[in-house]
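Data file: start_2.cif. Format and content: mmCIF, C-alpha atoms (C1' of nucleotides).
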```
data_data
#
loop_
_atom_site.group_PDB
_atom_site.id
_atom_site.type_symbol
_atom_site.label_atom_id
_atom_site.label_comp_id
_atom_site.auth_asym_id
_atom_site.auth_seq_id
_atom_site.Cartn_x
_atom_site.Cartn_y
_atom_site.Cartn_z
ATOM 1 C CA MET A 1 -56.266 -56.525 -195.603
ATOM 2 C CA ARG A 2 -53.926 -57.543 -198.327
ATOM 3 C CA GLY A 3 -55.165 -61.086 -198.541
ATOM 4 C CA SER A 4 -54.471 -63.437 -201.353
ATOM 5 C CA PRO A 5 -54.787 -61.547 -204.639
ATOM 6 C CA GLY A 6 -55.468 -64.810 -206.407
ATOM 7 C CA GLU A 7 -59.018 -64.940 -205.118
ATOM 8 C CA ILE A 8 -59.777 -61.323 -205.634
ATOM 9 C CA GLN A 9 -60.504 -61.575 -209.279
ATOM 10 C CA ASP A 10 -63.584 -63.642 -208.467
ATOM 11 C CA GLN A 11 -64.927 -60.669 -206.619
ATOM 12 C CA CYS A 12 -65.192 -57.056 -207.500
ATOM 13 C CA ALA A 13 -62.123 -55.023 -208.246
ATOM 14 C CA VAL A 14 -62.708 -52.593 -205.428
ATOM 15 C CA GLU A 15 -60.608 -54.910 -203.301
ATOM 16 C CA ILE A 16 -57.649 -54.421 -205.587
ATOM 17 C CA ALA A 17 -57.968 -50.707 -205.095
ATOM 18 C CA MET A 18 -58.294 -51.176 -201.364
ATOM 19 C CA GLU A 19 -55.166 -53.312 -201.273
ATOM 20 C CA VAL A 20 -53.221 -50.504 -202.833
ATOM 21 C CA LEU A 21 -54.861 -47.623 -200.997
ATOM 22 C CA GLY A 22 -55.658 -49.278 -197.696
ATOM 23 C CA GLY A 23 -52.860 -47.986 -195.526
ATOM 24 C CA ARG A 24 -53.147 -45.599 -192.658
ATOM 25 C CA TRP A 25 -51.331 -42.783 -194.465
ATOM 26 C CA LYS A 26 -51.417 -43.672 -198.114
ATOM 27 C CA LEU A 27 -54.285 -41.543 -199.254
ATOM 28 C CA ALA A 28 -53.023 -38.682 -197.142
ATOM 29 C CA ILE A 29 -49.633 -38.971 -198.800
ATOM 30 C CA ILE A 30 -51.179 -39.124 -202.229
ATOM 31 C CA ARG A 31 -53.257 -36.061 -201.557
ATOM 32 C CA LYS A 32 -50.200 -34.162 -200.386
ATOM 33 C CA LEU A 33 -48.377 -35.164 -203.541
ATOM 34 C CA PHE A 34 -51.205 -33.843 -205.676
ATOM 35 C CA ILE A 35 -50.056 -30.428 -204.537
ATOM 36 C CA GLY A 36 -46.604 -31.166 -205.877
ATOM 37 C CA THR A 37 -43.327 -32.938 -205.285
ATOM 38 C CA HIS A 38 -42.425 -33.318 -201.636
ATOM 39 C CA ARG A 39 -39.277 -34.241 -199.791
ATOM 40 C CA PHE A 40 -39.330 -36.819 -197.043
ATOM 41 C CA GLY A 41 -39.119 -34.258 -194.271
ATOM 42 C CA GLU A 42 -41.813 -32.137 -195.867
ATOM 43 C CA LEU A 43 -44.179 -35.070 -195.922
ATOM 44 C CA ARG A 44 -43.326 -35.874 -192.356
ATOM 45 C CA ARG A 45 -44.141 -32.353 -191.254
ATOM 46 C CA ALA A 46 -47.231 -32.275 -193.438
ATOM 47 C CA LEU A 47 -48.640 -35.425 -191.836
ATOM 48 C CA PRO A 48 -48.821 -34.804 -188.121
ATOM 49 C CA GLY A 49 -48.637 -38.045 -186.208
ATOM 50 C CA VAL A 50 -46.771 -40.108 -188.737
ATOM 51 C CA THR A 51 -43.513 -41.670 -187.631
ATOM 52 C CA GLN A 52 -40.443 -41.903 -189.835
ATOM 53 C CA ARG A 53 -40.772 -45.627 -190.001
ATOM 54 C CA MET A 54 -44.394 -45.560 -191.054
ATOM 55 C CA LEU A 55 -43.791 -42.840 -193.583
ATOM 56 C CA THR A 56 -40.902 -44.799 -195.028
ATOM 57 C CA ARG A 57 -42.941 -47.951 -195.219
ATOM 58 C CA GLN A 58 -45.977 -46.384 -196.755
ATOM 59 C CA LEU A 59 -43.838 -44.557 -199.292
ATOM 60 C CA ARG A 60 -42.043 -47.765 -200.191
ATOM 61 C CA GLU A 61 -45.316 -49.573 -200.691
ATOM 62 C CA LEU A 62 -46.724 -46.791 -202.792
ATOM 63 C CA GLU A 63 -43.538 -46.851 -204.832
ATOM 64 C CA ALA A 64 -43.710 -50.622 -205.220
ATOM 65 C CA ASP A 65 -47.298 -50.267 -206.372
ATOM 66 C CA GLY A 66 -46.225 -47.708 -208.940
ATOM 67 C CA LEU A 67 -48.222 -44.815 -207.544
ATOM 68 C CA ILE A 68 -45.326 -42.580 -206.634
ATOM 69 C CA SER A 69 -41.766 -42.101 -207.798
ATOM 70 C CA ARG A 70 -38.757 -41.691 -205.554
ATOM 71 C CA THR A 71 -35.813 -39.602 -206.658
ATOM 72 C CA VAL A 72 -32.648 -39.652 -204.599
ATOM 73 C CA HIS A 73 -30.289 -36.722 -205.055
ATOM 74 C CA ALA A 74 -26.770 -37.767 -204.097
ATOM 75 C CA GLU A 75 -26.068 -34.660 -202.107
ATOM 76 C CA VAL A 76 -24.432 -34.137 -198.800
ATOM 77 C CA PRO A 77 -27.542 -33.699 -196.745
ATOM 78 C CA PRO A 78 -29.442 -36.479 -198.489
ATOM 79 C CA ARG A 79 -32.371 -35.241 -200.492
ATOM 80 C CA VAL A 80 -35.150 -37.545 -201.598
ATOM 81 C CA GLU A 81 -38.095 -36.292 -203.554
ATOM 82 C CA TYR A 82 -41.412 -38.027 -203.960
ATOM 83 C CA ALA A 83 -43.831 -37.366 -206.772
ATOM 84 C CA LEU A 84 -46.941 -38.968 -208.159
ATOM 85 C CA THR A 85 -46.633 -41.157 -211.204
ATOM 86 C CA ASP A 86 -49.288 -41.159 -213.897
ATOM 87 C CA THR A 87 -50.854 -44.110 -212.111
ATOM 88 C CA GLY A 88 -50.938 -42.122 -208.895
ATOM 89 C CA ARG A 89 -52.415 -39.117 -210.644
ATOM 90 C CA SER A 90 -55.156 -41.318 -212.033
ATOM 91 C CA LEU A 91 -56.522 -41.498 -208.485
ATOM 92 C CA GLU A 92 -57.400 -37.841 -208.392
ATOM 93 C CA ARG A 93 -61.095 -38.279 -209.014
ATOM 94 C CA ILE A 94 -61.311 -41.083 -206.491
ATOM 95 C CA THR A 95 -59.516 -39.211 -203.731
ATOM 96 C CA ASP A 96 -61.580 -36.127 -204.449
ATOM 97 C CA LEU A 97 -64.768 -38.121 -204.210
ATOM 98 C CA LEU A 98 -63.639 -39.861 -201.043
ATOM 99 C CA ASP A 99 -62.694 -36.543 -199.548
ATOM 100 C CA SER A 100 -65.992 -34.885 -200.315
ATOM 101 C CA TRP A 101 -67.922 -37.960 -199.235
ATOM 102 C CA GLY A 102 -65.959 -38.104 -195.989
ATOM 103 C CA ARG A 103 -66.670 -34.454 -195.370
ATOM 104 C CA TRP A 104 -70.349 -34.906 -196.118
ATOM 105 C CA TYR A 105 -70.483 -38.007 -193.931
ATOM 106 C CA ARG A 106 -68.821 -36.213 -191.059
ATOM 107 C CA ASP A 107 -71.353 -33.396 -191.293
ATOM 108 C CA THR A 108 -74.244 -35.816 -191.552
ATOM 109 C CA ARG A 109 -73.186 -37.861 -188.535
ATOM 110 C CA PRO A 110 -71.545 -35.417 -186.154
ATOM 111 C CA HIS A 111 -72.263 -37.592 -183.115
ATOM 112 C CA ARG A 112 -69.499 -39.948 -184.238
ATOM 113 C CA ASP A 113 -66.927 -37.344 -183.270
ATOM 114 C CA GLU A 114 -68.146 -37.344 -179.703
ATOM 115 C CA ASN A 115 -66.415 -40.614 -178.923
ATOM 116 C CA PRO A 116 -62.688 -39.916 -178.580
ATOM 117 C CA VAL A 117 -61.713 -43.563 -178.860
ATOM 118 C CA GLY A 118 -63.558 -44.136 -182.102
ATOM 119 C CA ARG A 119 -65.476 -47.322 -181.551
ATOM 120 C CA ALA A 120 -63.390 -50.236 -180.448
ATOM 121 C CA MET B 19 -56.914 -47.783 -189.164
ATOM 122 C CA ARG B 20 -59.676 -46.329 -187.101
ATOM 123 C CA GLY B 21 -57.419 -44.012 -185.152
ATOM 124 C CA SER B 22 -58.571 -41.108 -183.113
ATOM 125 C CA PRO B 23 -61.212 -39.218 -185.081
ATOM 126 C CA GLY B 24 -60.334 -36.089 -183.172
ATOM 127 C CA GLU B 25 -57.168 -35.598 -185.169
ATOM 128 C CA ILE B 26 -58.651 -36.468 -188.486
ATOM 129 C CA GLN B 27 -60.298 -33.164 -189.077
ATOM 130 C CA ASP B 28 -56.861 -31.571 -189.296
ATOM 131 C CA GLN B 29 -56.203 -33.738 -192.284
ATOM 132 C CA CYS B 30 -58.220 -34.554 -195.328
ATOM 133 C CA ALA B 31 -61.550 -36.241 -195.035
ATOM 134 C CA VAL B 32 -60.500 -39.254 -197.067
ATOM 135 C CA GLU B 33 -59.481 -40.818 -193.786
ATOM 136 C CA ILE B 34 -63.018 -40.582 -192.508
ATOM 137 C CA ALA B 35 -64.155 -42.466 -195.566
ATOM 138 C CA MET B 36 -61.408 -45.017 -195.099
ATOM 139 C CA GLU B 37 -62.413 -45.540 -191.496
ATOM 140 C CA VAL B 38 -65.880 -46.450 -192.607
ATOM 141 C CA LEU B 39 -64.964 -48.422 -195.714
ATOM 142 C CA GLY B 40 -61.657 -49.911 -194.652
ATOM 143 C CA GLY B 41 -62.674 -53.418 -193.770
ATOM 144 C CA ARG B 42 -61.777 -56.581 -195.565
ATOM 145 C CA TRP B 43 -65.322 -57.213 -196.799
ATOM 146 C CA LYS B 44 -67.149 -53.943 -196.422
ATOM 147 C CA LEU B 45 -66.966 -52.681 -199.955
ATOM 148 C CA ALA B 46 -67.738 -56.145 -201.249
ATOM 149 C CA ILE B 47 -70.810 -56.254 -199.036
ATOM 150 C CA ILE B 48 -71.880 -52.814 -200.141
ATOM 151 C CA ARG B 49 -71.515 -53.742 -203.766
ATOM 152 C CA LYS B 50 -73.620 -56.847 -203.264
ATOM 153 C CA LEU B 51 -76.290 -54.778 -201.591
ATOM 154 C CA PHE B 52 -76.404 -52.413 -204.549
ATOM 155 C CA ILE B 53 -77.955 -55.324 -206.395
ATOM 156 C CA GLY B 54 -80.690 -55.510 -203.789
ATOM 157 C CA THR B 55 -81.620 -56.662 -200.337
ATOM 158 C CA HIS B 56 -79.764 -59.743 -199.173
ATOM 159 C CA ARG B 57 -80.187 -62.186 -196.339
ATOM 160 C CA PHE B 58 -77.296 -63.134 -194.138
ATOM 161 C CA GLY B 59 -76.845 -66.514 -195.770
ATOM 162 C CA GLU B 60 -77.094 -65.005 -199.247
ATOM 163 C CA LEU B 61 -74.291 -62.615 -198.458
ATOM 164 C CA ARG B 62 -72.246 -65.429 -197.026
ATOM 165 C CA ARG B 63 -72.626 -67.450 -200.181
ATOM 166 C CA ALA B 64 -72.036 -64.418 -202.366
ATOM 167 C CA LEU B 65 -68.733 -63.660 -200.663
ATOM 168 C CA PRO B 66 -66.592 -66.758 -200.968
ATOM 169 C CA GLY B 67 -64.059 -66.924 -198.190
ATOM 170 C CA VAL B 68 -65.919 -64.901 -195.609
ATOM 171 C CA THR B 69 -66.629 -66.566 -192.311
ATOM 172 C CA GLN B 70 -69.840 -66.144 -190.381
ATOM 173 C CA ARG B 71 -68.034 -64.275 -187.692
ATOM 174 C CA MET B 72 -66.392 -61.825 -190.070
ATOM 175 C CA LEU B 73 -69.589 -61.259 -191.993
ATOM 176 C CA THR B 74 -71.464 -60.593 -188.773
ATOM 177 C CA ARG B 75 -68.880 -58.127 -187.594
ATOM 178 C CA GLN B 76 -68.562 -56.254 -190.829
ATOM 179 C CA LEU B 77 -72.320 -56.022 -191.119
ATOM 180 C CA ARG B 78 -72.592 -54.732 -187.563
ATOM 181 C CA GLU B 79 -70.006 -52.069 -188.233
ATOM 182 C CA LEU B 80 -71.662 -51.024 -191.446
ATOM 183 C CA GLU B 81 -74.953 -50.854 -189.585
ATOM 184 C CA ALA B 82 -73.398 -48.811 -186.774
ATOM 185 C CA ASP B 83 -71.973 -46.448 -189.382
ATOM 186 C CA GLY B 84 -75.409 -46.054 -190.897
ATOM 187 C CA LEU B 85 -74.552 -47.508 -194.289
ATOM 188 C CA ILE B 86 -76.850 -50.511 -194.151
ATOM 189 C CA SER B 87 -80.070 -51.388 -192.417
ATOM 190 C CA ARG B 88 -80.818 -54.653 -190.684
ATOM 191 C CA THR B 89 -84.317 -56.027 -190.567
ATOM 192 C CA VAL B 90 -85.044 -59.027 -188.389
ATOM 193 C CA HIS B 91 -88.120 -61.044 -189.245
ATOM 194 C CA ALA B 92 -89.255 -62.947 -186.174
ATOM 195 C CA GLU B 93 -89.880 -66.183 -187.996
ATOM 196 C CA VAL B 94 -89.081 -69.704 -187.119
ATOM 197 C CA PRO B 95 -86.028 -70.083 -189.276
ATOM 198 C CA PRO B 96 -84.642 -66.665 -188.428
ATOM 199 C CA ARG B 97 -84.617 -64.280 -191.360
ATOM 200 C CA VAL B 98 -82.523 -61.145 -191.366
ATOM 201 C CA GLU B 99 -82.406 -58.850 -194.336
ATOM 202 C CA TYR B 100 -79.736 -56.321 -195.059
ATOM 203 C CA ALA B 101 -80.219 -53.332 -197.324
ATOM 204 C CA LEU B 102 -78.386 -50.152 -198.106
ATOM 205 C CA THR B 103 -79.506 -46.967 -196.452
ATOM 206 C CA ASP B 104 -79.480 -43.686 -198.312
ATOM 207 C CA THR B 105 -76.056 -43.079 -196.850
ATOM 208 C CA GLY B 106 -74.879 -46.414 -198.193
ATOM 209 C CA ARG B 107 -76.359 -45.708 -201.592
ATOM 210 C CA SER B 108 -74.485 -42.427 -201.687
ATOM 211 C CA LEU B 109 -71.332 -44.490 -202.108
ATOM 212 C CA GLU B 110 -72.361 -45.771 -205.497
ATOM 213 C CA ARG B 111 -70.167 -43.449 -207.529
ATOM 214 C CA ILE B 112 -67.193 -44.085 -205.274
ATOM 215 C CA THR B 113 -67.481 -47.853 -205.371
ATOM 216 C CA ASP B 114 -68.000 -47.715 -209.112
ATOM 217 C CA LEU B 115 -64.901 -45.600 -209.523
ATOM 218 C CA LEU B 116 -62.882 -47.812 -207.211
ATOM 219 C CA ASP B 117 -64.064 -50.848 -209.090
ATOM 220 C CA SER B 118 -63.149 -49.496 -212.494
ATOM 221 C CA TRP B 119 -59.853 -48.133 -211.220
ATOM 222 C CA GLY B 120 -59.021 -51.488 -209.626
ATOM 223 C CA ARG B 121 -59.844 -53.241 -212.872
ATOM 224 C CA TRP B 122 -57.731 -50.819 -214.859
ATOM 225 C CA TYR B 123 -54.907 -51.099 -212.353
ATOM 226 C CA ARG B 124 -54.994 -54.883 -212.475
ATOM 227 C CA ASP B 125 -54.793 -54.782 -216.251
ATOM 228 C CA THR B 126 -51.986 -52.252 -216.184
ATOM 229 C CA ARG B 127 -49.939 -54.176 -213.643
ATOM 230 C CA PRO B 128 -50.672 -57.834 -214.278
ATOM 231 C CA HIS B 129 -47.394 -58.964 -212.749
ATOM 232 C CA ARG B 130 -48.815 -58.274 -209.299
ATOM 233 C CA ASP B 131 -51.045 -61.302 -209.600
ATOM 234 C CA GLU B 132 -48.071 -63.559 -210.052
ATOM 235 C CA ASN B 133 -47.143 -63.449 -206.398
ATOM 236 C CA PRO B 134 -49.598 -65.680 -204.518
ATOM 237 C CA VAL B 135 -48.678 -64.306 -201.123
ATOM 238 C CA GLY B 136 -49.210 -60.706 -202.031
ATOM 239 C CA ARG B 137 -46.261 -58.835 -200.669
ATOM 240 C CA ALA B 138 -45.528 -59.374 -197.033
ATOM 241 C "C1'" DG C 14 -14.376 -33.442 -180.896
ATOM 242 C "C1'" DG C 15 -19.227 -33.204 -180.378
ATOM 243 C "C1'" DC C 16 -23.590 -32.143 -182.164
ATOM 244 C "C1'" DA C 17 -27.220 -31.308 -185.570
ATOM 245 C "C1'" DA C 18 -29.740 -32.158 -190.031
ATOM 246 C "C1'" DC C 19 -31.289 -35.473 -193.447
ATOM 247 C "C1'" DG C 20 -33.256 -39.747 -194.696
ATOM 248 C "C1'" DG C 21 -33.503 -43.385 -193.461
ATOM 249 C "C1'" DT C 22 -32.934 -48.781 -190.973
ATOM 250 C "C1'" DA C 23 -33.250 -52.221 -186.924
ATOM 251 C "C1'" DT C 24 -35.407 -53.862 -183.082
ATOM 252 C "C1'" DC C 25 -39.006 -54.496 -180.070
ATOM 253 C "C1'" DC C 26 -43.821 -54.109 -178.933
ATOM 254 C "C1'" DA C 27 -49.128 -53.365 -178.643
ATOM 255 C "C1'" DG C 28 -53.240 -53.678 -180.710
ATOM 256 C "C1'" DA C 29 -56.425 -53.992 -184.501
ATOM 257 C "C1'" DG C 30 -58.097 -56.896 -187.806
ATOM 258 C "C1'" DT C 31 -58.967 -61.282 -189.294
ATOM 259 C "C1'" DG C 32 -59.877 -66.191 -189.071
ATOM 260 C "C1'" DG C 33 -61.201 -71.177 -187.240
ATOM 261 C "C1'" DT C 34 -63.892 -73.902 -184.477
ATOM 262 C "C1'" DA C 35 -67.411 -74.770 -181.414
ATOM 263 C "C1'" DC C 36 -71.617 -73.517 -179.500
ATOM 264 C "C1'" DT C 37 -76.385 -71.371 -178.994
ATOM 265 C "C1'" DA C 38 -81.920 -70.937 -179.729
ATOM 266 C "C1'" DC C 39 -85.687 -71.977 -182.399
ATOM 267 C "C1'" DG C 40 -88.957 -74.695 -184.858
ATOM 268 C "C1'" DG C 41 -89.642 -78.310 -188.591
ATOM 269 C "C1'" DC C 42 -89.033 -82.961 -190.044
ATOM 270 C "C1'" DA C 43 -88.092 -88.003 -189.913
ATOM 271 C "C1'" DT D 20 -85.286 -88.343 -180.200
ATOM 272 C "C1'" DG D 21 -82.064 -86.643 -183.020
ATOM 273 C "C1'" DC D 22 -80.714 -83.832 -186.900
ATOM 274 C "C1'" DC D 23 -81.205 -79.722 -190.116
ATOM 275 C "C1'" DG D 24 -81.013 -74.738 -191.325
ATOM 276 C "C1'" DT D 25 -80.724 -69.791 -189.900
ATOM 277 C "C1'" DA D 26 -78.290 -66.219 -187.826
ATOM 278 C "C1'" DG D 27 -75.663 -65.557 -185.114
ATOM 279 C "C1'" DT D 28 -72.057 -65.521 -180.336
ATOM 280 C "C1'" DA D 29 -67.851 -67.103 -177.564
ATOM 281 C "C1'" DC D 30 -63.376 -68.305 -177.283
ATOM 282 C "C1'" DC D 31 -58.805 -68.810 -178.964
ATOM 283 C "C1'" DA D 32 -55.061 -67.750 -182.101
ATOM 284 C "C1'" DC D 33 -52.553 -65.584 -185.594
ATOM 285 C "C1'" DT D 34 -50.979 -61.955 -188.849
ATOM 286 C "C1'" DC D 35 -50.185 -57.504 -190.052
ATOM 287 C "C1'" DT D 36 -50.240 -52.657 -189.160
ATOM 288 C "C1'" DG D 37 -48.731 -49.049 -186.782
ATOM 289 C "C1'" DG D 38 -45.724 -47.017 -183.236
ATOM 290 C "C1'" DA D 39 -41.579 -45.949 -179.945
ATOM 291 C "C1'" DT D 40 -37.048 -45.916 -179.626
ATOM 292 C "C1'" DA D 41 -32.435 -46.306 -180.877
ATOM 293 C "C1'" DC D 42 -29.075 -46.278 -184.247
ATOM 294 C "C1'" DC D 43 -26.591 -45.428 -188.978
ATOM 295 C "C1'" DG D 44 -23.572 -42.514 -192.433
ATOM 296 C "C1'" DT D 45 -22.362 -38.192 -194.172
ATOM 297 C "C1'" DT D 46 -21.166 -33.407 -193.883
ATOM 298 C "C1'" DG D 47 -21.276 -28.728 -191.853
ATOM 299 C "C1'" DC D 48 -20.977 -25.960 -187.833
ATOM 300 C "C1'" DC D 49 -19.340 -24.601 -183.211
#
```
Final structure tokens representation of the file:
Amino acid sequence: MRGSPGEIQDQCAVEIAMEVLGGRWKLAIIRKLFIGTHRFGELRRALPGVTQRMLTRQLRELEADGLISRTVHAEVPPRVEYALTDTGRSLERITDLLDSWGRWYRDTRPHRDENPVGRA
Amino acid sequence: MRGSPGEIQDQCAVEIAMEVLGGRWKLAIIRKLFIGTHRFGELRRALPGVTQRMLTRQLRELEADGLISRTVHAEVPPRVEYALTDTGRSLERITDLLDSWGRWYRDTRPHRDENPVGRA
DNA sequence: GGCAACGGTATCCAGAGTGGTACTACGGCA
DNA sequence: TGCCGTAGTACCACTCTGGATACCGTTGCC
């Protein structure tokens, strides 16, 4: 993923969206932020399995892509709040659709869940 | 991507969708197949930059996930036709939305295209 | 003084994903 | 007999993602 953006315009723009959204935790983060502003630790607890490093990296990429905003409060225990930007909020229909499709797909093909290693 | 599906159900189902759609060429392939049935070579020519190996693998994964069907015609020059299944066609609204969002995003943030290496 | 909480960063590492090249089987054609 | 096209497969290599672990600075608490 994240190949050369120069060639992407020849193709369909779905790849642009996938470049921005195609991280292990990005859509999960975005969906959490639809609920409201979250602190770093809240996101970490809300996303079981994510490491600090990954969360940091995904948040930084989302911020660089303009989907979320990062507000640092210069307090003694550092407090950093993440919120969706307007660009991030514009993904609501897409994430909703992906979520409902994913749910429908999971119900339609339940045998996929029987393989604990996914499919290498 | 493609982590353990066992944990995914705790989270939102967007990850299931991303598991299925999160390949370099998958959405591009799907969008081509919305036009109609394609042969292997047609897809290869329609997707500049894809290698035979990658196309084969992405097609096999899409087939394993039930999004496309593969029909082999036992002819002398081998002929294999790929088409969307009903499951694949159910992605039409999502790919349309992703495409229009990607287009809008590209127009909103044109400076992203100025970096030829993406953003390592 | 030592430890914890917060929000990270640095370093190292494994594996998935992706890509290039070469090679295959098959029949048609020159 | 050798070469072409089709639809791949095999092997090798590389990049990038994702993860584990350790560490940082600050302040409050014991």
Inset, instruction - Return the neighbours of chain B among the residues of chain C, cut-off 12 Å, counting only C-alpha atoms (C1' of nucleotides), as a ChimeraX atom specification. - result: /C:28-34,38-41
Inset, instruction - Please identify every residue of chain D that has at least one atom no more than 8 Å from any atom of chain A, counting all atoms listed in the file, and report them as a PyMOL selection string. - result: chain D and resi 37-38+45-46
Inset, instruction - Please provide the set of residues having any atom within 10 Å of DG20 in chain C, restricted to all atoms listed in the file, with same-chain residues fewer than 6 positions apart removed, written as an MDAnalysis selection string. - result: chainID A and resid 39:41 52 56 72 77:80
Inset, instruction - Given the file shown, determine the residues that the PyMOL selection byres ((chain A and resi 94-96) around 12) selects; report them as a ChimeraX atom specification. - result: /A:14,17-18,21,26-34,88-93,97-103 /B:30-36,109,111-120
Padded axis-aligned box of range 35-46 of chain D (8 Å per side), centre and edge lengths, Å, one decimal, as AutoDock Vina command-line options:
```
--center_x -35.7 --center_y -45.5 --center_z -186.9 --size_x 45.1 --size_y 40.1 --size_z 30.5
```
Legend entry - Interatomic distance (Å, one decimal) between CA of Trp25 in chain A and CA of Thr108 in chain A: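 Taking CA of Trp25 in chain A and CA of Thr108 in chain A, their separation equals 24.1 Å.
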Legend entry - Pick from A:Gly36, A:Leu84, A:Ala74, A:Asp107, whichever lies nearest to chain B using only C-alpha atoms: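 Ranking A:Gly36, A:Leu84, A:Ala74, A:Asp107 by distance to chain B, first place goes to A:Asp107.
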Inset, instruction - Measure the distance from CA of Ile68 in chain A to CA of Tyr82 in chain A in Å and round it to one decimal. - result: 6.6 Å
Legend entry - Proximity to chain B - best of A:Arg60, A:Asp65, A:Ala83, A:Ile35, all atoms listed in the file: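 That would be A:Asp65, the residue with the smallest distance to chain B.
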Inset, instruction - Kindly resolve the PyMOL selection byres ((chain D and resi 29-35) around 8) on the present coordinates and return the residues as a PyMOL selection string. - result: (chain C and resi 36) or (chain D and resi 28+36)
Inset, instruction - Give me, please, the distance in Å between C1' of DA39 in chain D and CA of Arg45 in chain A, quoted to one decimal. - result: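 We find that C1' of DA39 in chain D and CA of Arg45 in chain A lie 17.9 Å from each other.
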Legend entry - For chain B, the nearest of the candidates A:Arg106, A:Arg57, A:His73, A:His38, counting all atoms listed in the file: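 For chain B, the nearest of the candidates is A:Arg106.
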Evaluated on this file, the PyMOL selection byres ((chain D and resi 48) around 10) picks out some residues - which ones are they, written as a PDB file with C-alpha atoms (C1' of nucleotides), in the frame of the given file?
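After the write, selection_15.pdb holds the following:
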```pdb
ATOM      1  C1'  DC C  16     -23.590 -32.143-182.164  1.00  0.00           C
ATOM      2  C1'  DA C  17     -27.220 -31.308-185.570  1.00  0.00           C
TER       3       DA C  17
ATOM      4  C1'  DT D  46     -21.166 -33.407-193.883  1.00  0.00           C
ATOM      5  C1'  DG D  47     -21.276 -28.728-191.853  1.00  0.00           C
ATOM      6  C1'  DC D  49     -19.340 -24.601-183.211  1.00  0.00           C
TER       7       DC D  49
END
```
